[in-house]
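Notes follow once the structure below has been shown.
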Amino acid sequence: MTTAPRPAGIPPMPERNPKALRDAIAEYAPALLPDFDAHWKWAIADTYDLAPVPAFMAQWWTEFALARDPALARTVHDLESRAADATTGGEARRLLTRAAHLRREAGKAEPGR
């Protein structure tokens, strides 16, 4: 779990529930809101099935954790972009492994952090 204090200027992670996460996305990362709502409608609301909620939350928790920290988001997207342009499989794998690690760490952010 990430317990390090968040840098100044980065909004806190919300309570860990869909409504609080949606509210935080709407306030701090509104560009993500259409995709969040569409995914919720497709995966949860239209199916009347709550079983996918934990996976949905894990994905969007990480997406918000990245979006609220523009420097981290730029780093991850740069690594992914460089991997797409890599000339060898090993180079692409190294870059994607680093990006995945940063995404995993971002997804460990606790509410209020």
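By convention here, the chains of the structure tokens are called A, B, ... in the order presented, each chain's residues are numbered starting at 1, and ligands are numbered starting at 1 in the order presented.
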Residue set, range 1-111 of chain A restricted to alpha helix (DSSP H), as a compact mmCIF listing (two decimals) with C-alpha atoms, in the first residue's frame:
# COMPACT_ATOMS: atom_id res chain seq x y z
CA PRO A 18 -17.98 4.04 -7.23
CA LYS A 19 -19.90 7.22 -6.34
CA ALA A 20 -16.96 8.87 -4.57
CA LEU A 21 -14.62 7.88 -7.39
CA ARG A 22 -17.01 9.27 -10.00
CA ASP A 23 -17.33 12.53 -8.05
CA ALA A 24 -13.52 12.84 -7.83
CA ILE A 25 -13.15 12.17 -11.55
CA ALA A 26 -15.83 14.78 -12.32
CA GLU A 27 -14.04 17.36 -10.17
CA TYR A 28 -10.36 16.69 -10.89
CA LEU A 33 -15.84 11.11 -17.08
CA PRO A 34 -17.45 10.11 -20.42
CA ASP A 35 -15.37 6.90 -20.55
CA PHE A 36 -16.04 6.17 -16.87
CA ASP A 37 -19.80 6.59 -17.33
CA ALA A 38 -19.88 4.58 -20.55
CA HIS A 39 -17.88 1.76 -18.97
CA TRP A 40 -20.15 1.78 -15.87
CA VAL A 53 -17.66 -3.86 -9.63
CA PRO A 54 -14.33 -4.80 -7.97
CA ALA A 55 -12.56 -5.09 -11.34
CA PHE A 56 -14.21 -1.88 -12.55
CA MET A 57 -13.07 -0.08 -9.40
CA ALA A 58 -9.52 -1.40 -9.70
CA GLN A 59 -9.23 -0.15 -13.28
CA TRP A 60 -10.74 3.28 -12.67
CA TRP A 61 -8.98 3.73 -9.33
CA THR A 62 -5.69 3.43 -11.19
CA GLU A 63 -6.86 5.66 -14.04
CA PHE A 64 -7.81 8.41 -11.58
CA ALA A 65 -4.61 7.95 -9.59
CA LEU A 66 -2.66 8.62 -12.79
CA ALA A 67 -4.89 11.44 -14.06
CA PRO A 70 0.00 14.95 -14.52
CA ALA A 71 3.74 14.29 -14.19
CA LEU A 72 3.17 10.61 -13.44
CA ALA A 73 0.60 10.32 -16.23
CA ARG A 74 3.06 11.88 -18.69
CA THR A 75 5.78 9.47 -17.61
CA VAL A 76 3.55 6.40 -18.03
CA HIS A 77 2.19 7.55 -21.38
CA ASP A 78 5.70 8.37 -22.58
CA LEU A 79 6.91 4.88 -21.66
CA GLU A 80 3.94 3.32 -23.45
CA SER A 81 4.48 5.50 -26.52
CA ARG A 82 8.17 4.68 -26.63
CA ALA A 83 7.31 0.97 -26.34
CA ALA A 84 5.00 1.28 -29.34
CA GLY A 89 10.82 -6.78 -28.48
CA GLY A 90 13.19 -6.57 -25.53
CA GLU A 91 13.16 -2.79 -25.54
CA ALA A 92 9.35 -2.69 -25.79
CA ARG A 93 9.04 -5.23 -22.96
CA ARG A 94 11.39 -3.21 -20.72
CA LEU A 95 9.43 0.01 -21.32
CA LEU A 96 6.04 -1.65 -20.82
CA THR A 97 7.23 -3.38 -17.66
CA ARG A 98 8.27 -0.01 -16.22
CA ALA A 99 4.92 1.56 -17.23
CA ALA A 100 3.01 -1.37 -15.71
CA HIS A 101 4.99 -1.02 -12.47
CA LEU A 102 4.11 2.68 -12.24
CA ARG A 103 0.44 1.92 -12.95
CA ARG A 104 0.42 -0.79 -10.26
CA GLU A 105 2.01 1.55 -7.72
CA ALA A 106 -0.45 4.34 -8.58
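Across A:Met13, A:Ala86, A:Pro7, A:Asp49, the tightest approach to Gly107 in chain A is made by A:Met13 when counting only C-alpha atoms.
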